[in-house]
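Raw contents of upload_4.cif, mmCIF, C-alpha atoms and all ligand atoms:
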data_final
loop_
_atom_site.group_PDB
_atom_site.id
_atom_site.type_symbol
_atom_site.label_atom_id
_atom_site.label_comp_id
_atom_site.auth_asym_id
_atom_site.auth_seq_id
_atom_site.Cartn_x
_atom_site.Cartn_y
_atom_site.Cartn_z
ATOM 1 C CA MET A 1 116.555 91.965 65.069
ATOM 2 C CA SER A 2 117.668 90.627 68.451
ATOM 3 C CA THR A 3 115.513 91.009 71.591
ATOM 4 C CA PRO A 4 116.912 93.614 74.005
ATOM 5 C CA PRO A 5 118.170 92.118 77.281
ATOM 6 C CA PRO A 6 115.740 92.394 80.202
ATOM 7 C CA ALA A 7 116.140 95.629 82.161
ATOM 8 C CA PRO A 8 118.074 95.416 85.453
ATOM 9 C CA ILE A 9 115.863 95.523 88.540
ATOM 10 C CA ALA A 10 116.392 98.227 91.156
ATOM 11 C CA PHE A 11 117.060 97.198 94.750
ATOM 12 C CA LEU A 12 118.155 98.827 97.990
ATOM 13 C CA LYS A 13 119.829 97.391 101.050
ATOM 14 C CA GLY A 14 118.807 98.436 104.556
ATOM 15 C CA HIS A 15 118.711 97.278 108.134
ATOM 16 C CA GLY A 16 117.030 97.839 111.483
ATOM 17 C CA THR A 17 119.341 97.032 114.412
ATOM 18 C CA GLU A 18 121.348 94.939 111.919
ATOM 19 C CA ASN A 19 118.417 92.774 110.880
ATOM 20 C CA ASP A 20 119.160 93.315 107.193
ATOM 21 C CA PHE A 21 116.957 93.315 104.133
ATOM 22 C CA VAL A 22 117.043 93.487 100.372
ATOM 23 C CA LEU A 23 114.331 95.975 99.364
ATOM 24 C CA VAL A 24 112.718 95.499 95.958
ATOM 25 C CA PRO A 25 110.396 98.361 94.965
ATOM 26 C CA ASP A 26 107.769 97.004 92.581
ATOM 27 C CA PRO A 27 104.725 99.318 93.009
ATOM 28 C CA ASP A 28 102.625 97.596 90.348
ATOM 29 C CA ASN A 29 103.549 94.032 91.418
ATOM 30 C CA LEU A 30 105.065 93.167 88.049
ATOM 31 C CA LEU A 31 107.958 91.011 89.283
ATOM 32 C CA GLU A 32 107.882 87.245 89.722
ATOM 33 C CA LEU A 33 109.601 86.493 93.032
ATOM 34 C CA PRO A 34 109.394 82.754 93.639
ATOM 35 C CA ALA A 35 110.983 81.370 96.820
ATOM 36 C CA ALA A 36 114.112 80.195 94.960
ATOM 37 C CA ALA A 37 114.740 83.695 93.562
ATOM 38 C CA VAL A 38 114.324 85.281 97.003
ATOM 39 C CA ALA A 39 116.730 82.730 98.502
ATOM 40 C CA ARG A 40 119.307 83.548 95.783
ATOM 41 C CA LEU A 41 119.001 87.306 96.446
ATOM 42 C CA CYS A 42 119.403 86.754 100.211
ATOM 43 C CA ASP A 43 122.382 84.407 99.807
ATOM 44 C CA ARG A 44 125.373 86.140 101.438
ATOM 45 C CA ARG A 45 127.875 84.680 98.988
ATOM 46 C CA ALA A 46 126.109 84.081 95.694
ATOM 47 C CA GLY A 47 123.603 86.936 96.001
ATOM 48 C CA ILE A 48 123.221 90.333 97.700
ATOM 49 C CA GLY A 49 122.863 88.840 101.169
ATOM 50 C CA ALA A 50 120.204 89.544 103.790
ATOM 51 C CA ASP A 51 118.040 88.060 106.551
ATOM 52 C CA GLY A 52 114.950 88.751 104.468
ATOM 53 C CA LEU A 53 113.427 90.578 101.509
ATOM 54 C CA LEU A 54 110.933 93.443 101.498
ATOM 55 C CA HIS A 55 108.915 93.425 98.283
ATOM 56 C CA ILE A 56 107.401 96.915 98.150
ATOM 57 C CA VAL A 57 104.057 96.871 96.381
ATOM 58 C CA ARG A 58 100.974 99.071 96.284
ATOM 59 C CA SER A 59 98.250 97.274 98.258
ATOM 60 C CA SER A 60 95.815 97.720 95.362
ATOM 61 C CA ALA A 61 98.182 95.734 93.104
ATOM 62 C CA HIS A 62 98.609 92.681 95.358
ATOM 63 C CA PRO A 63 95.909 90.011 95.775
ATOM 64 C CA GLU A 64 96.830 89.451 99.454
ATOM 65 C CA ALA A 65 96.583 93.168 100.270
ATOM 66 C CA ARG A 66 93.812 94.519 98.056
ATOM 67 C CA ALA A 67 91.290 94.408 100.910
ATOM 68 C CA MET A 68 93.584 96.688 102.986
ATOM 69 C CA ALA A 69 94.137 99.224 100.166
ATOM 70 C CA GLY A 70 91.583 101.671 101.595
ATOM 71 C CA GLU A 71 93.513 101.824 104.858
ATOM 72 C CA ALA A 72 97.109 101.441 103.695
ATOM 73 C CA GLU A 73 98.488 102.441 100.296
ATOM 74 C CA TRP A 74 101.592 100.199 100.555
ATOM 75 C CA PHE A 75 101.944 96.464 101.235
ATOM 76 C CA MET A 76 105.027 94.891 102.804
ATOM 77 C CA ASP A 77 105.275 91.527 101.027
ATOM 78 C CA TYR A 78 107.851 90.082 103.439
ATOM 79 C CA ARG A 79 109.959 86.982 102.715
ATOM 80 C CA ASN A 80 112.477 85.165 104.886
ATOM 81 C CA ALA A 81 116.005 84.442 103.635
ATOM 82 C CA ASP A 82 115.033 80.907 102.575
ATOM 83 C CA GLY A 83 112.204 82.348 100.455
ATOM 84 C CA SER A 84 109.402 81.394 102.854
ATOM 85 C CA ILE A 85 106.597 83.857 103.511
ATOM 86 C CA ALA A 86 106.054 85.384 106.965
ATOM 87 C CA GLU A 87 103.119 87.355 108.281
ATOM 88 C CA MET A 88 105.075 90.162 109.895
ATOM 89 C CA CYS A 89 108.531 91.637 110.393
ATOM 90 C CA GLY A 90 108.934 94.376 112.993
ATOM 91 C CA ASN A 91 112.350 95.605 111.902
ATOM 92 C CA GLY A 92 111.214 95.263 108.299
ATOM 93 C CA VAL A 93 108.262 97.622 108.773
ATOM 94 C CA ARG A 94 110.561 100.383 110.033
ATOM 95 C CA VAL A 95 112.966 99.915 107.107
ATOM 96 C CA PHE A 96 109.999 99.785 104.711
ATOM 97 C CA ALA A 97 108.768 103.136 106.079
ATOM 98 C CA ARG A 98 112.275 104.582 105.806
ATOM 99 C CA TYR A 99 112.347 103.598 102.136
ATOM 100 C CA LEU A 100 108.970 105.253 101.465
ATOM 101 C CA GLN A 101 110.251 108.419 103.147
ATOM 102 C CA ARG A 102 113.518 108.350 101.167
ATOM 103 C CA ALA A 103 111.678 107.778 97.870
ATOM 104 C CA GLY A 104 109.460 110.796 98.608
ATOM 105 C CA HIS A 105 106.259 108.746 98.875
ATOM 106 C CA ILE A 106 105.691 110.022 102.428
ATOM 107 C CA GLY A 107 107.028 112.744 104.733
ATOM 108 C CA VAL A 108 107.276 112.750 108.495
ATOM 109 C CA GLY A 109 104.267 111.861 110.619
ATOM 110 C CA ASP A 110 101.994 108.855 110.472
ATOM 111 C CA LEU A 111 101.727 106.175 107.848
ATOM 112 C CA ALA A 112 99.823 102.893 107.574
ATOM 113 C CA VAL A 113 101.554 99.807 106.135
ATOM 114 C CA ALA A 114 99.630 96.696 105.085
ATOM 115 C CA THR A 115 101.218 93.395 106.135
ATOM 116 C CA ARG A 116 99.982 89.795 106.202
ATOM 117 C CA GLY A 117 99.637 90.388 109.957
ATOM 118 C CA GLY A 118 97.242 93.301 109.379
ATOM 119 C CA VAL A 119 97.669 97.059 108.961
ATOM 120 C CA LYS A 120 100.450 98.578 111.118
ATOM 121 C CA LYS A 121 100.551 102.283 111.968
ATOM 122 C CA VAL A 122 104.021 103.796 111.771
ATOM 123 C CA HIS A 123 105.192 107.105 113.213
ATOM 124 C CA LEU A 124 108.259 108.773 111.699
ATOM 125 C CA VAL A 125 109.980 111.625 113.460
ATOM 126 C CA LYS A 126 111.955 114.235 111.574
ATOM 127 C CA GLY A 127 115.245 112.712 110.423
ATOM 128 C CA THR A 128 117.302 112.169 107.314
ATOM 129 C CA PRO A 129 115.704 110.028 104.606
ATOM 130 C CA ALA A 130 118.715 107.664 104.760
ATOM 131 C CA GLY A 131 118.401 106.841 108.396
ATOM 132 C CA GLU A 132 118.495 109.309 111.267
ATOM 133 C CA GLY A 133 115.572 109.458 113.660
ATOM 134 C CA ASP A 134 113.902 106.502 115.304
ATOM 135 C CA ILE A 135 110.661 105.088 113.993
ATOM 136 C CA THR A 136 107.793 103.866 116.187
ATOM 137 C CA VAL A 137 105.516 101.091 114.965
ATOM 138 C CA HIS A 138 102.174 100.350 116.566
ATOM 139 C CA MET A 139 102.522 96.604 116.399
ATOM 140 C CA GLY A 140 99.021 95.700 117.536
ATOM 141 C CA ARG A 141 98.033 93.308 120.326
ATOM 142 C CA ALA A 142 99.930 90.182 121.259
ATOM 143 C CA VAL A 143 98.037 86.905 121.391
ATOM 144 C CA LEU A 144 99.183 84.445 124.052
ATOM 145 C CA PRO A 145 98.162 80.916 123.113
ATOM 146 C CA GLU A 146 97.610 78.429 125.953
ATOM 147 C CA GLU A 147 100.020 75.797 124.717
ATOM 148 C CA THR A 148 103.716 75.900 125.528
ATOM 149 C CA VAL A 149 106.650 74.074 124.018
ATOM 150 C CA THR A 150 109.933 72.966 125.515
ATOM 151 C CA VAL A 151 113.092 74.028 123.717
ATOM 152 C CA THR A 152 116.236 71.961 124.060
ATOM 153 C CA VAL A 153 119.864 72.916 123.506
ATOM 154 C CA GLY A 154 122.331 70.155 124.369
ATOM 155 C CA GLU A 155 121.737 69.065 127.983
ATOM 156 C CA ARG A 156 119.494 72.039 128.810
ATOM 157 C CA ALA A 157 115.755 72.438 128.227
ATOM 158 C CA TRP A 158 113.401 75.366 128.889
ATOM 159 C CA PRO A 159 109.610 75.656 128.834
ATOM 160 C CA THR A 160 108.664 78.641 126.693
ATOM 161 C CA ARG A 161 105.961 81.265 126.807
ATOM 162 C CA ASN A 162 104.349 81.426 123.400
ATOM 163 C CA VAL A 163 103.461 84.832 122.017
ATOM 164 C CA ASN A 164 101.977 85.638 118.626
ATOM 165 C CA MET A 165 102.802 89.095 117.265
ATOM 166 C CA GLY A 166 101.201 88.341 113.892
ATOM 167 C CA ASN A 167 103.937 85.696 113.585
ATOM 168 C CA PRO A 168 104.721 82.998 116.160
ATOM 169 C CA HIS A 169 107.351 83.240 118.903
ATOM 170 C CA ALA A 170 108.490 80.918 121.694
ATOM 171 C CA VAL A 171 110.266 82.804 124.477
ATOM 172 C CA ALA A 172 112.712 81.029 126.820
ATOM 173 C CA PHE A 173 114.126 82.839 129.852
ATOM 174 C CA VAL A 174 117.662 81.510 130.355
ATOM 175 C CA GLU A 175 120.555 82.175 132.733
ATOM 176 C CA ASP A 176 123.161 82.929 130.102
ATOM 177 C CA LEU A 177 122.764 83.780 126.400
ATOM 178 C CA ASP A 178 125.661 81.427 125.602
ATOM 179 C CA HIS A 179 123.425 78.559 126.721
ATOM 180 C CA ALA A 180 121.488 79.049 123.467
ATOM 181 C CA GLY A 181 124.504 77.585 121.644
ATOM 182 C CA ASP A 182 124.675 77.613 117.861
ATOM 183 C CA LEU A 183 121.440 79.141 116.572
ATOM 184 C CA SER A 184 122.191 78.787 112.873
ATOM 185 C CA THR A 185 119.782 75.832 112.838
ATOM 186 C CA GLU A 186 116.428 75.687 114.637
ATOM 187 C CA PRO A 187 116.772 74.309 118.186
ATOM 188 C CA PRO A 188 114.465 71.296 118.624
ATOM 189 C CA PHE A 189 111.179 71.935 120.415
ATOM 190 C CA THR A 190 108.443 69.589 121.646
ATOM 191 C CA PRO A 191 105.671 68.959 120.961
ATOM 192 C CA SER A 192 106.664 69.868 117.404
ATOM 193 C CA ALA A 193 103.010 69.674 116.287
ATOM 194 C CA VAL A 194 102.350 73.034 118.033
ATOM 195 C CA TYR A 195 104.307 74.768 115.251
ATOM 196 C CA PRO A 196 104.149 72.621 112.105
ATOM 197 C CA GLU A 197 105.537 75.542 110.073
ATOM 198 C CA GLY A 198 108.288 76.413 112.551
ATOM 199 C CA VAL A 199 108.565 79.161 115.120
ATOM 200 C CA ASN A 200 110.868 82.044 115.991
ATOM 201 C CA ILE A 201 112.691 81.182 119.234
ATOM 202 C CA GLU A 202 114.022 83.860 121.602
ATOM 203 C CA PHE A 203 116.498 83.195 124.430
ATOM 204 C CA VAL A 204 116.323 85.968 127.009
ATOM 205 C CA VAL A 205 118.300 87.166 130.046
ATOM 206 C CA ASP A 206 117.705 90.036 132.459
ATOM 207 C CA ARG A 207 120.050 92.996 132.296
ATOM 208 C CA GLY A 208 118.343 95.196 134.922
ATOM 209 C CA GLU A 209 114.916 96.505 135.850
ATOM 210 C CA ARG A 210 112.671 96.279 132.728
ATOM 211 C CA HIS A 211 115.847 95.718 130.754
ATOM 212 C CA LEU A 212 116.416 92.479 128.830
ATOM 213 C CA ALA A 213 118.812 91.029 126.277
ATOM 214 C CA LEU A 214 118.104 88.333 123.730
ATOM 215 C CA ARG A 215 119.414 86.081 121.022
ATOM 216 C CA VAL A 216 117.052 84.702 118.420
ATOM 217 C CA HIS A 217 116.693 81.896 115.925
ATOM 218 C CA GLU A 218 114.365 83.177 113.229
ATOM 219 C CA ARG A 219 112.187 80.779 111.318
ATOM 220 C CA GLY A 220 113.389 80.806 107.697
ATOM 221 C CA SER A 221 116.504 82.895 108.361
ATOM 222 C CA GLY A 222 118.620 81.296 111.129
ATOM 223 C CA GLU A 223 120.272 83.359 113.856
ATOM 224 C CA THR A 224 119.803 87.044 113.116
ATOM 225 C CA ARG A 225 121.227 90.066 114.926
ATOM 226 C CA SER A 226 117.763 91.373 115.749
ATOM 227 C CA CYS A 227 114.071 90.542 115.497
ATOM 228 C CA GLY A 228 111.490 93.278 116.075
ATOM 229 C CA THR A 229 108.469 91.036 116.558
ATOM 230 C CA GLY A 230 110.717 88.866 118.751
ATOM 231 C CA ALA A 231 111.638 91.815 120.967
ATOM 232 C CA CYS A 232 107.916 92.633 121.322
ATOM 233 C CA ALA A 233 107.103 89.006 122.195
ATOM 234 C CA VAL A 234 109.863 89.017 124.816
ATOM 235 C CA ALA A 235 108.598 92.270 126.381
ATOM 236 C CA VAL A 236 105.058 90.859 126.538
ATOM 237 C CA ALA A 237 106.287 87.582 128.078
ATOM 238 C CA ALA A 238 108.445 89.460 130.620
ATOM 239 C CA ALA A 239 105.522 91.687 131.690
ATOM 240 C CA ARG A 240 103.502 88.526 132.577
ATOM 241 C CA ARG A 241 106.491 86.954 134.335
ATOM 242 C CA ASP A 242 107.149 90.176 136.283
ATOM 243 C CA GLY A 243 103.485 90.650 137.292
ATOM 244 C CA VAL A 244 103.140 93.966 135.443
ATOM 245 C CA ASP A 245 100.708 92.969 132.684
ATOM 246 C CA PRO A 246 99.216 96.386 131.773
ATOM 247 C CA ALA A 247 95.784 94.825 131.183
ATOM 248 C CA VAL A 248 95.798 93.908 134.888
ATOM 249 C CA THR A 249 97.592 96.908 136.415
ATOM 250 C CA GLY A 250 96.079 99.554 134.117
ATOM 251 C CA VAL A 251 99.556 101.064 133.764
ATOM 252 C CA PRO A 252 101.671 100.983 130.565
ATOM 253 C CA VAL A 253 104.974 99.153 130.897
ATOM 254 C CA THR A 254 108.172 99.793 128.947
ATOM 255 C CA TYR A 255 110.973 97.282 128.395
ATOM 256 C CA THR A 256 114.330 98.001 126.792
ATOM 257 C CA VAL A 257 115.623 95.022 124.848
ATOM 258 C CA ASP A 258 119.255 94.704 123.773
ATOM 259 C CA LEU A 259 119.874 92.559 120.739
ATOM 260 C CA PRO A 260 123.234 91.661 119.198
ATOM 261 C CA GLY A 261 122.640 94.358 116.546
ATOM 262 C CA GLY A 262 121.244 97.180 118.681
ATOM 263 C CA ARG A 263 118.506 98.271 121.053
ATOM 264 C CA LEU A 264 114.704 98.366 120.759
ATOM 265 C CA VAL A 265 112.244 99.886 123.214
ATOM 266 C CA MET A 266 108.758 98.430 123.644
ATOM 267 C CA THR A 267 105.762 99.863 125.492
ATOM 268 C CA GLU A 268 102.666 97.762 126.126
ATOM 269 C CA HIS A 269 99.490 99.722 126.931
ATOM 270 C CA PRO A 270 96.513 98.694 129.098
ATOM 271 C CA ASP A 271 94.444 98.008 125.943
ATOM 272 C CA GLY A 272 97.120 95.488 124.873
ATOM 273 C CA GLU A 273 98.608 97.597 122.061
ATOM 274 C CA VAL A 274 102.383 97.242 121.797
ATOM 275 C CA ASP A 275 104.572 100.059 120.458
ATOM 276 C CA MET A 276 108.102 99.341 119.256
ATOM 277 C CA THR A 277 110.700 102.086 118.685
ATOM 278 C CA GLY A 278 114.043 101.696 116.963
ATOM 279 C CA PRO A 279 116.258 102.750 114.076
ATOM 280 C CA ALA A 280 115.951 102.013 110.355
ATOM 281 C CA VAL A 281 118.691 102.732 107.857
ATOM 282 C CA ILE A 282 119.127 102.484 104.094
ATOM 283 C CA VAL A 283 122.781 101.732 103.267
ATOM 284 C CA ALA A 284 122.976 101.142 99.513
ATOM 285 C CA GLU A 285 121.136 100.908 96.259
ATOM 286 C CA GLY A 286 121.871 99.178 92.990
ATOM 287 C CA HIS A 287 120.596 96.867 90.291
ATOM 288 C CA ILE A 288 119.909 93.147 90.234
ATOM 289 C CA GLU A 289 120.908 91.152 87.169
ATOM 290 C CA PRO A 290 117.545 89.762 85.933
ATOM 291 C CA ALA A 291 119.221 86.364 85.401
ATOM 292 C CA LEU A 292 119.651 86.032 89.173
ATOM 293 C CA LEU A 293 115.870 85.795 89.523
ATOM 294 C CA THR A 294 115.397 83.117 86.898
ATOM 295 C CA ARG A 295 118.627 81.084 87.036
ATOM 296 C CA SER A 296 118.009 77.466 87.982
ATOM 297 C CA GLU A 297 121.346 75.803 87.288
ATOM 298 C CA THR A 298 123.991 75.464 89.972
ATOM 299 C CA ASN A 299 127.614 74.460 89.738
ATOM 300 C CA LYS A 300 127.734 73.320 93.356
ATOM 301 C CA ARG A 301 129.082 69.804 93.803
HETATM 302 N N1 LIG B 1 113.042 89.749 111.636
HETATM 303 C C1 LIG B 1 111.669 89.912 111.750
HETATM 304 C C2 LIG B 1 110.773 88.698 111.709
HETATM 305 C C3 LIG B 1 110.782 88.051 110.321
HETATM 306 C C4 LIG B 1 109.815 86.917 110.147
HETATM 307 C C5 LIG B 1 110.159 85.668 110.928
HETATM 308 N N2 LIG B 1 111.427 85.097 110.554
HETATM 309 C C6 LIG B 1 109.036 84.638 110.747
HETATM 310 O O1 LIG B 1 109.172 83.710 109.945
HETATM 311 O O2 LIG B 1 108.011 84.781 111.423
HETATM 312 C C7 LIG B 1 111.251 90.963 112.755
HETATM 313 O O3 LIG B 1 112.025 91.937 112.893
HETATM 314 O O4 LIG B 1 110.181 90.892 113.318
#
Would you mind giving the structure from this file in C-alpha cells?
Amino acid sequence: MSTPPPAPIAFLKGHGTENDFVLVPDPDNLLELPAAAVARLCDRRAGIGADGLLHIVRSSAHPEARAMAGEAEWFMDYRNADGSIAEMCGNGVRVFARYLQRAGHIGVGDLAVATRGGVKKVHLVKGTPAGEGDITVHMGRAVLPEETVTVTVGERAWPTRNVNMGNPHAVAFVEDLDHAGDLSTEPPFTPSAVYPEGVNIEFVVDRGERHLALRVHERGSGETRSCGTGACAVAVAAARRDGVDPAVTGVPVTYTVDLPGGRLVMTEHPDGEVDMTGPAVIVAEGHIEPALLTRSETNKR
C-alpha cells in the first residue's frame, strides 16, 4: 500500500498599504517553517511572492508566545522575505487581525495579538471581512537609543535618528526621495556595529504640516511599498525634530505618512503610546504544494 501524498497547506495572500504577506494559518503550530522554506514561499517568481510571511499560531502552541497566552490568544510569528525573524510588523498586525476577523475567530472591537515585540492591542471597526474599514493598532512606546548612524547613498550622507518600535529603525530626513536611490539592497551605514543584525532604513521628506512621505529599505525584505513600524518611527522622529514631542508638550500629535503603497496615520500620546491606523486587505486564498516547503534542490546555474 503506498503512502498518501502529504496534504496541501492552506495559505492566504493579503496586504496593508501594499506591504504584502503570505498568511499561513497553523493554529496548533504543526508546520515546520525553516528560513529556506519561508524564502521560497516569498519568492516572487518561484513561489507565491511577498515581503514577508505571517505564521498564524495560537500563543499557547508556540514556545516564544506561551507566556503571552493569557493576554493574547493568537501569536503573529512574523518572518521577513529572506526567512529571517523580526520582532514586529505594523502592517502585518493589521492584516493578521483582518484574517482572524475573516475566519470568524473575532468580530469587530478590540483584540490582543502576541508578537515578539510584545502584546499589541488592535481595534477593528465595522467593515467587510475581506478588507473594508481601517484598523488601528496600539503599537506601544517608541524607544529612542542615544546612538546614531550615518547612512550613505552615492555622494550623499545623512545622520539618522534611531527609533525602536519593537524592531530597529534609522530615520533620515532628506530633500528628495529620489536621493535614496536603489533601495533593493541595504544602503551602507556607519558605524555598522550599532546594528549587527541590520536595520530598517527610512528616507523621509515633508509634504506639509504634520504630513510626511517616505521610502524604506526593510531589513530582510529590500525596498517595500510600505512599513508600518517604519511609519511610526518616522512620526516619532519628526515630532522630536518639530519640537512637538507629546511627552514634553502634554498634547497628542498626529502625523500623516504617505508611502508608495498608501497612507498611514499615526498619533503619539503624552504617555508615549503610538497608535497607527490604516487598511488591511485579504486578496486571495489557496493551497501550497507541500514539496515547496521541503525542496532543497535548485536548477539555477
Ligand atoms: N513591514 C513591516 C516590518 C517588518 C519587519 C522588518 N523588516 C524588520 O526586520 O524589522 C512593518 O509594516 O512594520
Given the file above and the PyMOL selection byres (((chain A and resi 255) around 10) and not hetatm), which residues are selected, and can you give them as a compact mmCIF listing (two decimals) with C-alpha atoms, in the coordinates of the input?
# COMPACT_ATOMS: atom_id res chain seq x y z
CA GLU A 209 114.92 96.50 135.85
CA ARG A 210 112.67 96.28 132.73
CA HIS A 211 115.85 95.72 130.75
CA LEU A 212 116.42 92.48 128.83
CA ALA A 231 111.64 91.82 120.97
CA CYS A 232 107.92 92.63 121.32
CA VAL A 234 109.86 89.02 124.82
CA ALA A 235 108.60 92.27 126.38
CA VAL A 236 105.06 90.86 126.54
CA ALA A 238 108.44 89.46 130.62
CA ALA A 239 105.52 91.69 131.69
CA VAL A 253 104.97 99.15 130.90
CA THR A 254 108.17 99.79 128.95
CA THR A 256 114.33 98.00 126.79
CA VAL A 257 115.62 95.02 124.85
CA ASP A 258 119.26 94.70 123.77
CA LEU A 264 114.70 98.37 120.76
CA VAL A 265 112.24 99.89 123.21
CA MET A 266 108.76 98.43 123.64
CA THR A 267 105.76 99.86 125.49
CA GLU A 268 102.67 97.76 126.13
CA MET A 276 108.10 99.34 119.26
Closest contacts (chain A/ligand LIG 1 (chain B), max 6 Å, all atoms listed in the file) as a tab-separated table:
residue	atom	partner	partner_atom	distance
A:Asn80	CA	B:LIG1	N2	5.8
A:Ala86	CA	B:LIG1	O1	4.6
A:Met88	CA	B:LIG1	C4	5.7
A:Cys89	CA	B:LIG1	O4	3.4
A:Gly90	CA	B:LIG1	O4	3.7
A:Asn91	CA	B:LIG1	O3	3.8
A:Gly92	CA	B:LIG1	O3	5.7
A:Asn167	CA	B:LIG1	O2	4.7
A:Glu218	CA	B:LIG1	N2	4.4
A:Arg219	CA	B:LIG1	O1	4.4
A:Gly220	CA	B:LIG1	N2	5.5
A:Ser221	CA	B:LIG1	N2	6.0
A:Cys227	CA	B:LIG1	O3	3.6
A:Gly228	CA	B:LIG1	O3	3.5
A:Thr229	CA	B:LIG1	O4	3.7
A:Gly230	CA	B:LIG1	O4	5.8
(request) For the structure shown, which residues end up in the PyMOL selection byres (((chain A and resi 222) around 12) and not hetatm)? Put them as an MDAnalysis selection string, please? (result) chainID A and resid 19 50:52 80:82 182:187 198:202 215:221 223:227
(message) Set the distance at 9 Å and use only C-alpha atoms: which residues neighbour Arg98 of chain A once local chain neighbours fewer than 2 positions away are removed? I'd like the list as a PyMOL selection string.
(response) chain A and resi 93-96+100-103+124+129-131+135+280-282
(request) Return the single residue from A:Leu259, A:Ala72, A:Leu53, A:Val205 that is closest to Ala35 of chain A, with distances computed using only C-alpha atoms. (result) A:Leu53
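Applied to the file shown here, the PyMOL selection byres (((chain A and resi 74) around 7) and not hetatm) selects Val57, Arg58, Ser59, Ala72, Glu73, Phe75, Met76, Val113 and Ala114 of chain A.
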(message) Can you pull out the residues contacting Glu32 of chain A? Cut-off 10 Å, using only C-alpha atoms, and skip same-chain residues under 4 positions away; I want them as a list in words.
(response) Ala37, Val38, Leu293 and Thr294 of chain A
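Atom CA of Pro188 of chain A sits 26.1 Å away from atom CA of Gly49 of chain A.
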(message) Which residue is closest to Asp77 of chain A? Choose from A:Ala247, A:Ile56, A:Val283, A:Ala233 and count only C-alpha atoms.
(response)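 Result for the nearest residue to Asp77 of chain A: A:Ile56.
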(request) Please provide the set of residues having any atom within 7 Å of Leu144 of chain A, restricted to all atoms listed in the file, with same-chain residues fewer than 5 positions apart removed, written as a ChimeraX atom specification. (result) /A:162-164
(message) Which residues are near Ile48 of chain A? Cut-off 12 Å, all atoms listed in the file, ignore same chain within fewer than 2 positions. Put them as a PyMOL selection string.
(response) chain A and resi 11-14+20-24+37-46+50-53+81+284-289+292-293
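Distances to Thr249 of chain A were evaluated for A:Pro34, A:Gly47, A:Gly154, A:Pro270 using all atoms listed in the file, and the minimum falls at A:Pro270.
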(request) Could you check how far atom CA of Pro159 of chain A sits from atom CA of Val274 of chain A, in Å to one decimal? (result)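 Atom CA of Val274 of chain A lies at a distance of 23.8 Å from atom CA of Pro159 of chain A.
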(message) I'd like to know which of A:His138, A:Pro191, A:Ala291, A:Tyr78 is closest to Thr150 of chain A, using all atoms listed in the file.
(response) A:Pro191
